[in-house]
>>> print(open('protein19.csv').read())   # CSV, C-alpha atoms
chain,number,residue,atom,x,y,z
A,1301,MET,CA,-1.5,18.1,15.2
A,1302,SER,CA,-1.1,15.6,12.4
A,1303,LEU,CA,1.6,13.0,12.8
A,1304,THR,CA,2.7,13.4,9.2
A,1305,GLY,CA,2.1,17.1,8.7
A,1306,THR,CA,4.7,19.8,8.2
A,1307,PRO,CA,3.7,21.6,11.5
A,1308,PHE,CA,4.7,18.6,13.6
A,1309,LEU,CA,8.0,18.3,11.8
A,1310,TYR,CA,8.8,21.9,12.4
A,1311,THR,CA,7.7,21.6,16.0
A,1312,ALA,CA,10.1,18.6,16.5
A,1313,MET,CA,12.9,20.6,14.9
A,1314,ALA,CA,12.3,23.6,17.1
A,1315,LEU,CA,12.2,21.4,20.3
A,1316,ALA,CA,15.4,19.7,19.3
A,1317,ALA,CA,17.1,23.1,18.8
A,1318,VAL,CA,15.8,24.3,22.2
A,1319,ALA,CA,17.0,21.1,23.8
A,1320,LEU,CA,20.5,21.6,22.4
A,1321,ILE,CA,20.7,25.3,23.5
A,1322,LEU,CA,19.3,24.8,27.0
A,1323,PRO,CA,22.3,22.9,28.4
A,1324,LEU,CA,24.8,25.3,26.7
A,1325,VAL,CA,23.1,28.3,28.3
A,1326,LEU,CA,22.0,27.0,31.7
A,1327,TRP,CA,24.5,24.2,32.6
A,1328,SER,CA,26.8,26.4,34.7
A,1329,ARG,CA,24.2,28.9,35.8
A,1330,LEU,CA,22.0,26.6,37.8
A,1331,ARG,CA,21.7,27.5,41.4
A,1332,GLY,CA,20.6,25.6,44.5
A,1333,PRO,CA,21.7,22.4,46.3
A,1334,ARG,CA,23.9,20.0,44.5
A,1335,SER,CA,21.1,17.4,44.2
A,1336,VAL,CA,18.7,20.0,42.6
A,1337,ARG,CA,21.4,21.0,40.1
A,1338,ALA,CA,22.2,17.4,39.2
A,1339,ALA,CA,18.5,16.6,38.7
A,1340,ALA,CA,18.0,19.7,36.5
A,1341,ARG,CA,21.0,18.7,34.4
A,1342,VAL,CA,19.7,15.1,34.0
A,1343,LEU,CA,16.4,16.4,32.9
A,1344,MET,CA,18.0,18.6,30.3
A,1345,LEU,CA,19.9,15.7,28.9
A,1346,LEU,CA,16.8,13.5,28.8
A,1347,PHE,CA,14.9,16.3,27.1
A,1348,ALA,CA,17.7,16.6,24.5
A,1349,GLN,CA,17.7,12.8,23.9
A,1350,GLY,CA,14.0,12.6,23.7
A,1351,THR,CA,13.7,15.4,21.2
A,1352,ALA,CA,16.5,14.0,19.1
A,1353,VAL,CA,14.8,10.6,19.0
A,1354,THR,CA,11.5,12.2,18.1
A,1355,LEU,CA,13.0,14.2,15.3
A,1356,VAL,CA,14.6,11.1,13.8
A,1357,PHE,CA,11.3,9.2,14.0
A,1358,VAL,CA,9.4,12.0,12.3
A,1359,LEU,CA,12.0,12.2,9.5
A,1360,VAL,CA,11.9,8.4,9.0
A,1361,ASN,CA,8.1,8.3,9.2
A,1362,ASN,CA,7.7,11.2,6.7
A,1363,SER,CA,10.1,9.5,4.3
A,1364,ASN,CA,8.4,6.1,4.5
A,1365,ASN,CA,4.8,6.9,5.4
A,1366,LEU,CA,4.8,4.1,8.0
A,1367,TYR,CA,2.2,5.6,10.4
A,1368,ASP,CA,-0.6,7.8,9.1
A,1369,ASN,CA,-1.8,9.2,12.4
A,1370,TRP,CA,-1.4,9.0,16.2
A,1371,ALA,CA,-3.9,6.2,16.5
A,1372,ASP,CA,-1.8,4.0,14.2
A,1373,LEU,CA,1.3,4.8,16.1
A,1374,LEU,CA,-0.1,4.2,19.5
A,1375,GLY,CA,-2.1,1.1,18.5
A,1376,THR,CA,-5.5,2.6,19.4
A,1377,GLY,CA,-7.1,2.6,15.9
A,1378,ASP,CA,-9.9,0.3,15.0
A,1379,HIS,CA,-11.8,0.7,11.8
A,1380,VAL,CA,-13.9,-2.5,11.9
A,1381,GLN,CA,-17.5,-2.0,12.9
A,1382,GLN,CA,-18.5,-5.6,12.3
A,1383,ALA,CA,-17.0,-8.7,10.7
A,1384,ILE,CA,-19.8,-11.2,10.0
A,1385,ASP,CA,-19.3,-14.4,8.0
A,1386,LEU,CA,-19.5,-13.3,4.3
A,1387,GLY,CA,-19.0,-16.7,2.7
A,1388,ARG,CA,-16.5,-17.8,0.1
A,1389,ASP,CA,-17.2,-15.0,-2.3
A,1390,GLY,CA,-17.0,-12.3,0.4
A,1391,THR,CA,-20.4,-10.8,-0.4
A,1392,GLY,CA,-22.5,-12.4,2.4
A,1393,GLY,CA,-25.2,-13.1,-0.2
A,1394,ILE,CA,-25.6,-9.4,-1.0
A,1395,ALA,CA,-26.2,-8.5,-4.6
A,1396,VAL,CA,-23.5,-5.8,-4.8
A,1397,LYS,CA,-24.4,-4.6,-8.3
A,1398,LYS,CA,-28.0,-3.9,-7.1
A,1399,LEU,CA,-27.0,-1.8,-4.1
A,1400,PRO,CA,-28.0,1.8,-4.6
A,1401,LYS,CA,-25.3,4.3,-5.5
A,1402,VAL,CA,-23.9,6.4,-2.6
A,1403,LYS,CA,-22.5,9.8,-3.4
A,1404,GLN,CA,-19.4,10.3,-1.4
A,1405,GLN,CA,-18.1,13.6,-0.1
A,1406,PHE,CA,-14.4,14.2,-1.0
A,1407,HIS,CA,-12.0,16.9,0.2
A,1408,ARG,CA,-8.4,17.7,-0.5
A,1409,ALA,CA,-6.0,15.4,1.3
A,1410,ALA,CA,-3.4,16.9,3.6
A,1411,GLY,CA,0.2,15.9,3.9
A,1412,PRO,CA,3.4,15.7,1.9
A,1413,GLY,CA,2.8,15.2,-1.8
A,1414,MET,CA,-1.0,15.4,-1.5
A,1415,HIS,CA,-1.3,18.7,-3.3
A,1416,SER,CA,1.1,17.8,-6.2
A,1417,ALA,CA,0.2,16.7,-9.7
A,1418,GLY,CA,-3.4,18.0,-9.5
A,1419,GLY,CA,-3.9,17.0,-5.9
A,1420,VAL,CA,-5.2,13.9,-4.1
A,1421,ARG,CA,-8.7,13.8,-2.6
A,1422,VAL,CA,-9.9,11.7,0.3
A,1423,THR,CA,-13.2,10.4,1.6
A,1424,GLN,CA,-14.4,8.4,4.6
A,1425,LEU,CA,-16.1,5.3,3.4
A,1426,LYS,CA,-18.4,3.1,5.4
A,1427,GLY,CA,-18.2,-0.3,3.8
A,1428,ARG,CA,-21.7,-1.7,3.3
A,1429,VAL,CA,-20.5,-5.3,2.9
A,1430,SER,CA,-17.2,-5.5,4.9
A,1431,GLY,CA,-18.3,-3.5,7.9
A,1432,VAL,CA,-15.1,-1.4,7.6
A,1433,ASN,CA,-15.1,2.3,8.1
A,1434,ALA,CA,-11.9,4.0,6.8
A,1435,GLU,CA,-10.5,6.6,4.5
A,1436,VAL,CA,-9.9,6.1,0.8
A,1437,TYR,CA,-7.6,8.4,-1.3
A,1438,VAL,CA,-8.2,9.0,-5.0
A,1439,TRP,CA,-6.1,10.6,-7.7
A,1440,LEU,CA,-7.6,11.5,-11.1
A,1441,PRO,CA,-5.5,11.5,-14.2
A,1442,PRO,CA,-5.0,14.8,-16.1
A,1443,GLN,CA,-7.5,13.8,-18.8
A,1444,TYR,CA,-10.3,13.2,-16.4
A,1445,ASN,CA,-11.7,16.8,-16.4
A,1446,GLU,CA,-10.8,17.6,-20.0
A,1447,PRO,CA,-13.9,18.3,-22.2
A,1448,ALA,CA,-12.7,15.8,-24.8
A,1449,TYR,CA,-12.9,13.0,-22.2
A,1450,ARG,CA,-16.2,14.0,-20.6
A,1451,HIS,CA,-17.8,10.7,-21.7
A,1452,HIS,CA,-14.7,8.6,-21.3
A,1453,ARG,CA,-14.5,5.8,-18.8
A,1454,PHE,CA,-11.1,5.3,-17.1
A,1455,PRO,CA,-9.2,2.2,-15.9
A,1456,VAL,CA,-8.4,2.0,-12.2
A,1457,VAL,CA,-5.5,0.7,-10.2
A,1458,GLU,CA,-5.8,0.1,-6.5
A,1459,VAL,CA,-2.5,0.8,-4.9
A,1460,LEU,CA,-1.6,-0.8,-1.5
A,1461,PRO,CA,1.1,0.1,1.0
A,1462,GLY,CA,3.2,-2.3,3.1
A,1463,TYR,CA,2.8,-3.0,6.8
A,1464,PRO,CA,3.1,-0.8,8.7
A,1465,GLY,CA,2.2,1.7,6.1
A,1466,SER,CA,0.0,4.6,5.3
A,1467,ALA,CA,-2.5,4.8,2.5
A,1468,LYS,CA,-0.8,8.0,1.5
A,1469,ALA,CA,2.5,6.3,0.8
A,1470,TRP,CA,2.0,5.8,-2.9
A,1471,PHE,CA,1.6,9.6,-3.2
A,1472,GLY,CA,3.7,11.0,-0.4
A,1473,THR,CA,6.8,8.8,-0.6
A,1474,LEU,CA,6.7,6.9,-3.9
A,1475,LYS,CA,5.4,10.1,-5.6
A,1476,ALA,CA,3.5,7.8,-8.1
A,1477,HIS,CA,1.2,10.6,-9.3
A,1478,GLU,CA,4.1,13.0,-9.9
A,1479,GLN,CA,6.0,10.4,-11.8
A,1480,LEU,CA,3.1,9.3,-13.9
A,1481,LEU,CA,1.5,12.7,-14.7
A,1482,PRO,CA,3.9,13.6,-17.6
A,1483,LEU,CA,3.8,10.0,-19.0
A,1484,MET,CA,0.0,10.1,-19.0
A,1485,ARG,CA,0.0,13.4,-20.8
A,1486,ASN,CA,2.3,12.2,-23.6
A,1487,GLY,CA,0.5,8.9,-24.0
A,1488,GLN,CA,3.3,6.6,-22.7
A,1489,VAL,CA,1.0,5.4,-19.8
A,1490,ALA,CA,-2.7,5.1,-19.9
A,1491,PRO,CA,-4.7,7.6,-17.8
A,1492,PHE,CA,-5.4,5.4,-14.8
A,1493,ILE,CA,-7.4,6.5,-11.8
A,1494,MET,CA,-5.3,5.6,-8.7
A,1495,VAL,CA,-7.1,4.6,-5.5
A,1496,SER,CA,-5.4,4.0,-2.2
A,1497,PRO,CA,-7.6,2.6,0.6
A,1498,ARG,CA,-6.5,2.2,4.2
A,1499,THR,CA,-5.2,-1.3,4.8
A,1500,THR,CA,-4.2,-0.9,8.5
A,1501,LEU,CA,-7.7,-1.6,9.9
A,1502,LEU,CA,-6.8,-3.1,13.4
A,1503,ALA,CA,-4.3,-1.9,16.0
A,1504,GLY,CA,-0.9,-3.6,15.9
A,1505,VAL,CA,-1.6,-6.3,13.3
A,1506,ASP,CA,-1.6,-6.8,9.6
A,1507,THR,CA,-4.9,-8.0,8.3
A,1508,GLY,CA,-3.2,-9.9,5.5
A,1509,CYS,CA,-6.1,-8.6,3.3
A,1510,ALA,CA,-8.1,-11.6,4.6
A,1511,ASN,CA,-11.7,-12.1,5.6
A,1512,ILE,CA,-11.6,-13.5,9.1
A,1513,THR,CA,-15.1,-13.9,10.6
A,1514,GLY,CA,-15.5,-12.1,13.9
A,1515,THR,CA,-12.2,-10.1,13.4
A,1516,VAL,CA,-12.1,-8.3,10.0
A,1517,ASN,CA,-13.3,-8.5,6.5
A,1518,ALA,CA,-10.3,-6.9,4.8
A,1519,ASP,CA,-10.7,-8.8,1.5
A,1520,SER,CA,-14.3,-7.6,1.0
A,1521,TRP,CA,-13.3,-4.0,2.0
A,1522,LEU,CA,-10.6,-3.9,-0.7
A,1523,SER,CA,-12.2,-6.0,-3.5
A,1524,ILE,CA,-15.9,-5.0,-3.0
A,1525,ASP,CA,-16.6,-1.9,-1.0
A,1526,VAL,CA,-13.8,0.3,-2.3
A,1527,PRO,CA,-14.4,-0.6,-6.0
A,1528,LYS,CA,-18.1,-0.1,-5.6
A,1529,MET,CA,-17.6,3.3,-4.1
A,1530,VAL,CA,-15.2,4.3,-6.9
A,1531,MET,CA,-17.5,3.1,-9.7
A,1532,ASP,CA,-20.4,4.9,-8.0
A,1533,ASN,CA,-18.6,8.3,-7.9
A,1534,PHE,CA,-16.3,8.3,-11.0
A,1535,ARG,CA,-16.3,7.4,-14.6
A,1536,THR,CA,-14.6,4.1,-14.5
A,1537,GLU,CA,-14.3,1.1,-16.7
A,1538,PRO,CA,-16.2,-2.0,-15.4
A,1539,ALA,CA,-14.5,-4.8,-13.5
A,1540,PRO,CA,-12.6,-6.9,-14.2
A,1541,LYS,CA,-11.6,-5.4,-17.6
A,1542,GLY,CA,-10.5,-2.1,-16.4
A,1543,TRP,CA,-9.3,-2.9,-12.9
A,1544,ALA,CA,-5.8,-3.7,-11.5
A,1545,VAL,CA,-4.2,-3.8,-8.1
A,1546,ALA,CA,-0.6,-3.1,-7.1
A,1547,GLY,CA,1.4,-3.1,-3.9
A,1548,TYR,CA,4.8,-3.3,-2.3
A,1549,SER,CA,6.0,-5.6,0.5
A,1550,ALA,CA,2.9,-6.8,2.5
A,1551,GLY,CA,0.8,-4.8,0.0
A,1552,ALA,CA,2.4,-6.8,-2.8
A,1553,HIS,CA,1.2,-10.0,-1.2
A,1554,CYS,CA,-2.3,-8.5,-0.9
A,1555,ALA,CA,-2.3,-7.3,-4.5
A,1556,VAL,CA,-1.4,-10.7,-6.0
A,1557,LYS,CA,-3.7,-12.6,-3.7
A,1558,LEU,CA,-6.7,-10.3,-4.5
A,1559,ALA,CA,-6.2,-10.8,-8.2
A,1560,VAL,CA,-5.7,-14.6,-8.0
A,1561,ALA,CA,-8.7,-15.0,-5.7
A,1562,HIS,CA,-10.9,-12.6,-7.6
A,1563,PRO,CA,-10.3,-12.7,-11.4
A,1564,ASP,CA,-13.9,-11.5,-11.7
A,1565,ARG,CA,-12.8,-8.2,-10.1
A,1566,TYR,CA,-9.3,-7.6,-11.3
A,1567,ARG,CA,-7.5,-8.1,-14.7
A,1568,ALA,CA,-3.9,-7.6,-13.5
A,1569,ALA,CA,-1.8,-7.3,-10.4
A,1570,VAL,CA,1.7,-5.9,-9.5
A,1571,GLY,CA,3.7,-7.1,-6.6
A,1572,MET,CA,7.0,-5.5,-5.6
A,1573,SER,CA,9.1,-7.4,-3.0
A,1574,GLY,CA,6.2,-9.4,-1.8
A,1575,TYR,CA,5.6,-13.0,-0.7
A,1576,ASN,CA,3.1,-15.8,-1.2
A,1577,ASP,CA,2.8,-17.4,2.3
A,1578,PRO,CA,1.2,-15.0,4.8
A,1579,ILE,CA,3.6,-16.3,7.5
A,1580,SER,CA,6.3,-14.2,5.9
A,1581,GLU,CA,4.7,-11.3,7.9
A,1582,ARG,CA,4.7,-12.4,11.5
A,1583,ASN,CA,2.0,-9.9,12.5
A,1584,SER,CA,-0.3,-11.1,9.8
A,1585,LEU,CA,-3.7,-12.3,11.0
A,1586,ALA,CA,-3.9,-14.6,7.9
A,1587,ALA,CA,-0.9,-16.6,9.2
A,1588,GLN,CA,-2.5,-17.5,12.6
A,1589,ASN,CA,-4.8,-20.3,11.3
A,1590,PRO,CA,-3.7,-23.0,8.9
A,1591,ALA,CA,-6.9,-22.9,6.9
A,1592,VAL,CA,-6.9,-19.1,6.6
A,1593,ARG,CA,-3.2,-19.2,5.8
A,1594,ALA,CA,-3.7,-21.6,2.9
A,1595,ALA,CA,-6.8,-19.7,1.7
A,1596,ASN,CA,-4.7,-16.5,1.4
A,1597,ASN,CA,-1.6,-18.0,-0.3
A,1598,PRO,CA,-1.8,-17.0,-4.0
A,1599,TYR,CA,0.6,-19.8,-4.9
A,1600,LEU,CA,-1.7,-22.4,-3.5
A,1601,LEU,CA,-4.8,-20.7,-4.9
A,1602,LEU,CA,-3.2,-20.6,-8.4
A,1603,LYS,CA,-1.9,-24.2,-8.1
A,1604,LYS,CA,-5.3,-25.6,-7.1
A,1605,ALA,CA,-7.5,-23.5,-9.4
A,1606,ALA,CA,-9.9,-25.7,-11.3
A,1607,VAL,CA,-9.9,-23.1,-14.1
A,1608,PRO,CA,-6.8,-20.9,-14.6
A,1609,PRO,CA,-7.8,-17.3,-14.0
A,1610,ALA,CA,-7.6,-14.8,-16.9
A,1611,ILE,CA,-5.2,-12.5,-15.1
A,1612,ALA,CA,-1.7,-11.1,-15.7
A,1613,LEU,CA,0.8,-10.8,-12.8
A,1614,TYR,CA,4.0,-8.7,-12.6
A,1615,ILE,CA,6.3,-9.8,-9.8
A,1616,SER,CA,9.6,-7.9,-9.0
A,1617,GLY,CA,12.0,-8.7,-6.3
A,1618,GLN,CA,15.5,-9.5,-5.2
A,1619,SER,CA,16.8,-12.9,-4.4
A,1620,GLY,CA,15.2,-13.9,-1.1
A,1621,ASP,CA,12.8,-10.9,-1.2
A,1622,GLY,CA,10.1,-11.4,-3.8
A,1623,TYR,CA,12.0,-13.0,-6.6
A,1624,GLN,CA,11.5,-16.6,-5.6
A,1625,ALA,CA,7.8,-15.9,-4.9
A,1626,GLY,CA,7.4,-14.8,-8.5
A,1627,LEU,CA,9.2,-17.9,-9.8
A,1628,ALA,CA,6.9,-20.1,-7.7
A,1629,LEU,CA,3.8,-18.4,-9.2
A,1630,GLN,CA,5.3,-18.7,-12.6
A,1631,SER,CA,5.9,-22.4,-12.2
A,1632,VAL,CA,2.2,-23.2,-11.6
A,1633,ALA,CA,0.6,-20.7,-13.9
A,1634,LYS,CA,-1.3,-22.0,-16.9
A,1635,ALA,CA,-2.9,-20.1,-19.7
A,1636,PRO,CA,-4.6,-17.7,-19.7
A,1637,THR,CA,-2.7,-16.8,-16.5
A,1638,THR,CA,0.6,-15.0,-17.3
A,1639,VAL,CA,3.3,-14.2,-14.8
A,1640,HIS,CA,6.2,-11.9,-15.6
A,1641,VAL,CA,9.1,-12.0,-13.1
A,1642,GLN,CA,11.5,-9.1,-12.8
A,1643,PHE,CA,14.8,-9.8,-11.1
A,1644,VAL,CA,16.1,-6.8,-9.1
A,1645,PRO,CA,19.8,-6.8,-8.3
A,1646,ARG,CA,21.1,-6.1,-4.8
A,1647,SER,CA,22.9,-3.0,-6.1
A,1648,ALA,CA,19.4,-1.4,-6.5
A,1649,GLY,CA,19.0,-1.1,-2.8
A,1650,GLY,CA,17.2,-3.0,0.0
A,1651,HIS,CA,13.6,-3.6,1.1
A,1652,ASN,CA,12.6,0.1,1.2
A,1653,MET,CA,11.0,3.0,-0.7
A,1654,ALA,CA,14.2,3.8,-2.6
A,1655,LEU,CA,13.9,0.4,-4.3
A,1656,TRP,CA,10.3,0.7,-5.2
A,1657,ARG,CA,10.1,4.3,-6.2
A,1658,PRO,CA,12.0,3.9,-9.5
A,1659,GLN,CA,9.8,0.9,-10.4
A,1660,VAL,CA,6.6,2.9,-10.5
A,1661,THR,CA,6.8,4.0,-14.2
A,1662,THR,CA,7.9,0.6,-15.3
A,1663,VAL,CA,5.0,-1.2,-13.7
A,1664,PHE,CA,2.4,1.3,-15.0
A,1665,ARG,CA,3.8,0.9,-18.5
A,1666,TRP,CA,3.3,-2.8,-18.1
A,1667,LEU,CA,-0.2,-2.3,-16.8
A,1668,THR,CA,-0.9,-0.1,-19.8
A,1669,LEU,CA,-0.1,-3.0,-22.2
A,1670,GLN,CA,-1.6,-5.8,-20.2
A,1671,MET,CA,-4.9,-4.0,-19.9
A,1672,GLY,CA,-5.1,-3.3,-23.6
A,1673,LYS,CA,-4.6,0.4,-23.4
A,1674,SER,CA,-1.7,0.6,-25.8
A,1675,ARG,CA,0.2,-1.3,-28.5
A,1676,PRO,CA,3.6,-2.7,-27.4
A,1677,GLY,CA,6.4,-0.3,-28.0
A,1678,ALA,CA,10.2,-0.5,-27.8
A,1679,GLY,CA,11.2,-1.3,-24.3
A,1680,ILE,CA,7.7,-1.0,-22.9
A,1681,GLY,CA,6.6,-3.9,-20.7
A,1682,ALA,CA,9.8,-5.8,-21.4
A,1683,THR,CA,11.1,-8.2,-18.7
A,1684,PRO,CA,14.8,-8.6,-18.4
A,1685,PRO,CA,16.3,-12.1,-18.3
A,1686,SER,CA,16.3,-13.6,-14.8
A,1687,PRO,CA,19.2,-15.6,-13.3
A,1688,SER,CA,18.6,-19.3,-13.2
A,1689,THR,CA,19.8,-20.0,-9.7
A,1690,VAL,CA,17.2,-20.3,-7.0
A,1691,ASP,CA,17.9,-20.5,-3.3
A,1692,SER,CA,16.0,-23.6,-2.1
A,1693,ARG,CA,15.1,-22.3,1.3
A,1694,ARG,CA,13.7,-19.1,-0.1
A,1695,ALA,CA,11.9,-21.1,-2.8
A,1696,ALA,CA,10.2,-23.1,0.0
A,1697,LEU,CA,9.1,-19.9,1.6
A,1698,ALA,CA,7.7,-18.6,-1.7
A,1699,SER,CA,5.7,-21.7,-2.3
A,1700,GLY,CA,4.2,-21.8,1.1
A,1701,SER,CA,6.1,-24.8,2.5
A,1702,ALA,CA,8.4,-23.0,4.9
A,1703,SER,CA,8.2,-23.3,8.6
A,1704,ARG,CA,7.2,-20.4,11.0
A,1705,GLU,CA,10.7,-20.5,12.5
A,1706,GLY,CA,12.3,-20.0,9.2
A,1707,ALA,CA,10.1,-17.3,7.9
A,1708,ALA,CA,11.7,-13.9,7.5
A,1709,ARG,CA,9.6,-10.9,8.4
A,1710,LYS,CA,8.8,-8.4,5.7
A,1711,ARG,CA,7.7,-4.9,6.5
>>> encode(input="protein19.csv", output="structure tokens")
Amino acid sequence: MSLTGTPFLYTAMALAAVALILPLVLWSRLRGPRSVRAAARVLMLLFAQGTAVTLVFVLVNNSNNLYDNWADLLGTGDHVQQAIDLGRDGTGGIAVKKLPKVKQQFHRAAGPGMHSAGGVRVTQLKGRVSGVNAEVYVWLPPQYNEPAYRHHRFPVVEVLPGYPGSAKAWFGTLKAHEQLLPLMRNGQVAPFIMVSPRTTLLAGVDTGCANITGTVNADSWLSIDVPKMVMDNFRTEPAPKGWAVAGYSAGAHCAVKLAVAHPDRYRAAVGMSGYNDPISERNSLAAQNPAVRAANNPYLLLKKAAVPPAIALYISGQSGDGYQAGLALQSVAKAPTTVHVQFVPRSAGGHNMALWRPQVTTVFRWLTLQMGKSRPGAGIGATPPSPSTVDSRRAALASGSASREGAARKR
């Protein structure tokens, strides 16, 4: 039974109801020695508590798409078949463009929200460069199968969840496809293909979207294998012109880092409530080694870039949760790099899906403009003024100079 499926939710609800009724019916009817009756009553109470905790967990998990399956929850999943040294560019010397096309088999994805707005499809991809074997979810815009667009190539946005987080989250909890469908139909948002690859590749740790020889090649999985598969199987625009990446929380860090590190693969990136220094996620593999940590800090990458990358970044966040990270990036960006920082007030909510869900339409309007798919219109892509005060301790974290002890964990 799927961890995120409706059957498991209904089962948990039924068991919770049974656990509530049992003591009411049997408490005074138990027979036998006092010790036996006491033990039976204790077991009923434990059963009631266990089912209540399970039901709450299922509701929270379904609302936030934290764990996709039992392997993720129990820490038994491993999607890495090999992790050889792939070099600085992450290709291992492989001429990726010359690799033969592989036709993937897709089927309808299961779970909350997966059948809405035309439906989400999923495939199991064996990364020929990264050595990762994991699922990738794809949603096609409404125009994709229309006769008038049969020769049209579409822009693509890779959407990344936080940690822990399911690749389904952008569709199941953020309902991005449901929000964007009417906007794509009326021309307010470009008809993007949305691609959501698995980012939880190892049990109990966040890969930090990094390539770590002998452990995982998450960067190459996201920036090489997944785009290659999508371009092989769908009518997409070439990279980097037609490609962007977006994420929230740990996924925001990954999105910005991928765009800064690979301007030859992405034109734009969106980061909601993210961070620059990998140490902000205590379970990040990228934070365990100083060299790897620095190599995966977009602030340092942007600051030290010999040639400023031709990318556009959209960073949103609250004070102490993404906002200072955006200001840090903005402070070192040089043309043609552009960084738009969106301040989000505390009144909008905390570090959760309720904060990010309303931002989906805004960031896709911004992507539409930045990727040259529409002319600027009133209110589209505008960035509200940001407050001038900056907390110095949070600014240090954003720039990558904070200590491990002072780092605050982001989910």
>>> residues_around(input="protein19.csv", residues="Ser1647 of chain A", least_positions_apart="4", cutoff="12 Å", atoms="all atoms listed in the file", output="number ranges by chain")
A: 1618-1619, 1643, 1651, 1654-1655
>>> write_last_selection(input="protein19.csv", atoms="C-alpha atoms", output="PDB file, in the frame of the given file")
ATOM      1  CA  GLN A1618      15.500  -9.500  -5.200  1.00  0.00           C
ATOM      2  CA  SER A1619      16.800 -12.900  -4.400  1.00  0.00           C
ATOM      3  CA  PHE A1643      14.800  -9.800 -11.100  1.00  0.00           C
ATOM      4  CA  HIS A1651      13.600  -3.600   1.100  1.00  0.00           C
ATOM      5  CA  ALA A1654      14.200   3.800  -2.600  1.00  0.00           C
ATOM      6  CA  LEU A1655      13.900   0.400  -4.300  1.00  0.00           C
TER       7      LEU A1655
END
>>> closest_residue(input="protein19.csv", among="A:Thr1354, A:Gln1488, A:Pro1461, A:Asp1525", to="Lys1426 of chain A", atoms="only C-alpha atoms")
A:Asp1525
>>> closest_residue(input="protein19.csv", among="A:Gly1387, A:Gly1547, A:Gly1462, A:Gly1472", to="Gly1419 of chain A", atoms="all atoms listed in the file")
A:Gly1472
>>> closest_residue(input="protein19.csv", among="A:Gln1443, A:Asn1533, A:Thr1507, A:Thr1423", to="Met1484 of chain A", atoms="all atoms listed in the file")
A:Gln1443
>>> closest_residue(input="protein19.csv", among="A:Lys1403, A:Asp1532, A:Ala1316, A:Arg1646", to="Gln1349 of chain A", atoms="all atoms listed in the file")
A:Ala1316
>>> atom_distance(input="protein19.csv", atom1="atom CA of Tyr1367 of chain A", atom2="atom CA of Arg1582 of chain A")
18.2 Å
>>> atom_distance(input="protein19.csv", atom1="atom CA of Tyr1463 of chain A", atom2="atom CA of Gly1617 of chain A")
17.0 Å
>>> closest_residue(input="protein19.csv", among="A:His1562, A:Arg1567, A:His1379, A:Lys1397", to="Val1457 of chain A", atoms="only C-alpha atoms")
A:Arg1567
>>> build_atoms(input="protein19.csv", residues="segment 1521-1529 of chain A", atoms="N, CA, C and O atoms", output="JSON list (two decimals), in the coordinates of the input")
[["chain", "number", "residue", "atom", "x", "y", "z"],
["A", 1521, "TRP", "N", -13.49, -5.49, 1.97],
["A", 1521, "TRP", "CA", -13.30, -4.00, 2.00],
["A", 1521, "TRP", "C", -12.54, -3.59, 0.73],
["A", 1521, "TRP", "O", -12.95, -2.67, 0.04],
["A", 1522, "LEU", "N", -11.45, -4.30, 0.41],
["A", 1522, "LEU", "CA", -10.60, -3.90, -0.70],
["A", 1522, "LEU", "C", -11.17, -4.29, -2.06],
["A", 1522, "LEU", "O", -11.04, -3.54, -3.03],
["A", 1523, "SER", "N", -11.80, -5.45, -2.15],
["A", 1523, "SER", "CA", -12.20, -6.00, -3.50],
["A", 1523, "SER", "C", -13.70, -5.72, -3.78],
["A", 1523, "SER", "O", -14.12, -5.93, -4.92],
["A", 1524, "ILE", "N", -14.48, -5.29, -2.78],
["A", 1524, "ILE", "CA", -15.90, -5.00, -3.00],
["A", 1524, "ILE", "C", -16.31, -3.62, -2.68],
["A", 1524, "ILE", "O", -16.78, -2.86, -3.53],
["A", 1525, "ASP", "N", -16.13, -3.23, -1.41],
["A", 1525, "ASP", "CA", -16.60, -1.90, -1.00],
["A", 1525, "ASP", "C", -15.88, -0.76, -1.66],
["A", 1525, "ASP", "O", -16.52, 0.20, -2.13],
["A", 1526, "VAL", "N", -14.57, -0.83, -1.69],
["A", 1526, "VAL", "CA", -13.80, 0.30, -2.30],
["A", 1526, "VAL", "C", -14.09, 0.38, -3.81],
["A", 1526, "VAL", "O", -14.40, 1.47, -4.30],
["A", 1527, "PRO", "N", -14.02, -0.72, -4.58],
["A", 1527, "PRO", "CA", -14.40, -0.60, -6.00],
["A", 1527, "PRO", "C", -15.78, -0.11, -6.25],
["A", 1527, "PRO", "O", -16.02, 0.69, -7.16],
["A", 1528, "LYS", "N", -16.74, -0.57, -5.44],
["A", 1528, "LYS", "CA", -18.10, -0.10, -5.60],
["A", 1528, "LYS", "C", -18.24, 1.38, -5.41],
["A", 1528, "LYS", "O", -18.90, 2.09, -6.19],
["A", 1529, "MET", "N", -17.57, 1.90, -4.40],
["A", 1529, "MET", "CA", -17.60, 3.30, -4.10],
["A", 1529, "MET", "C", -16.99, 4.10, -5.31],
["A", 1529, "MET", "O", -17.53, 5.13, -5.76]]
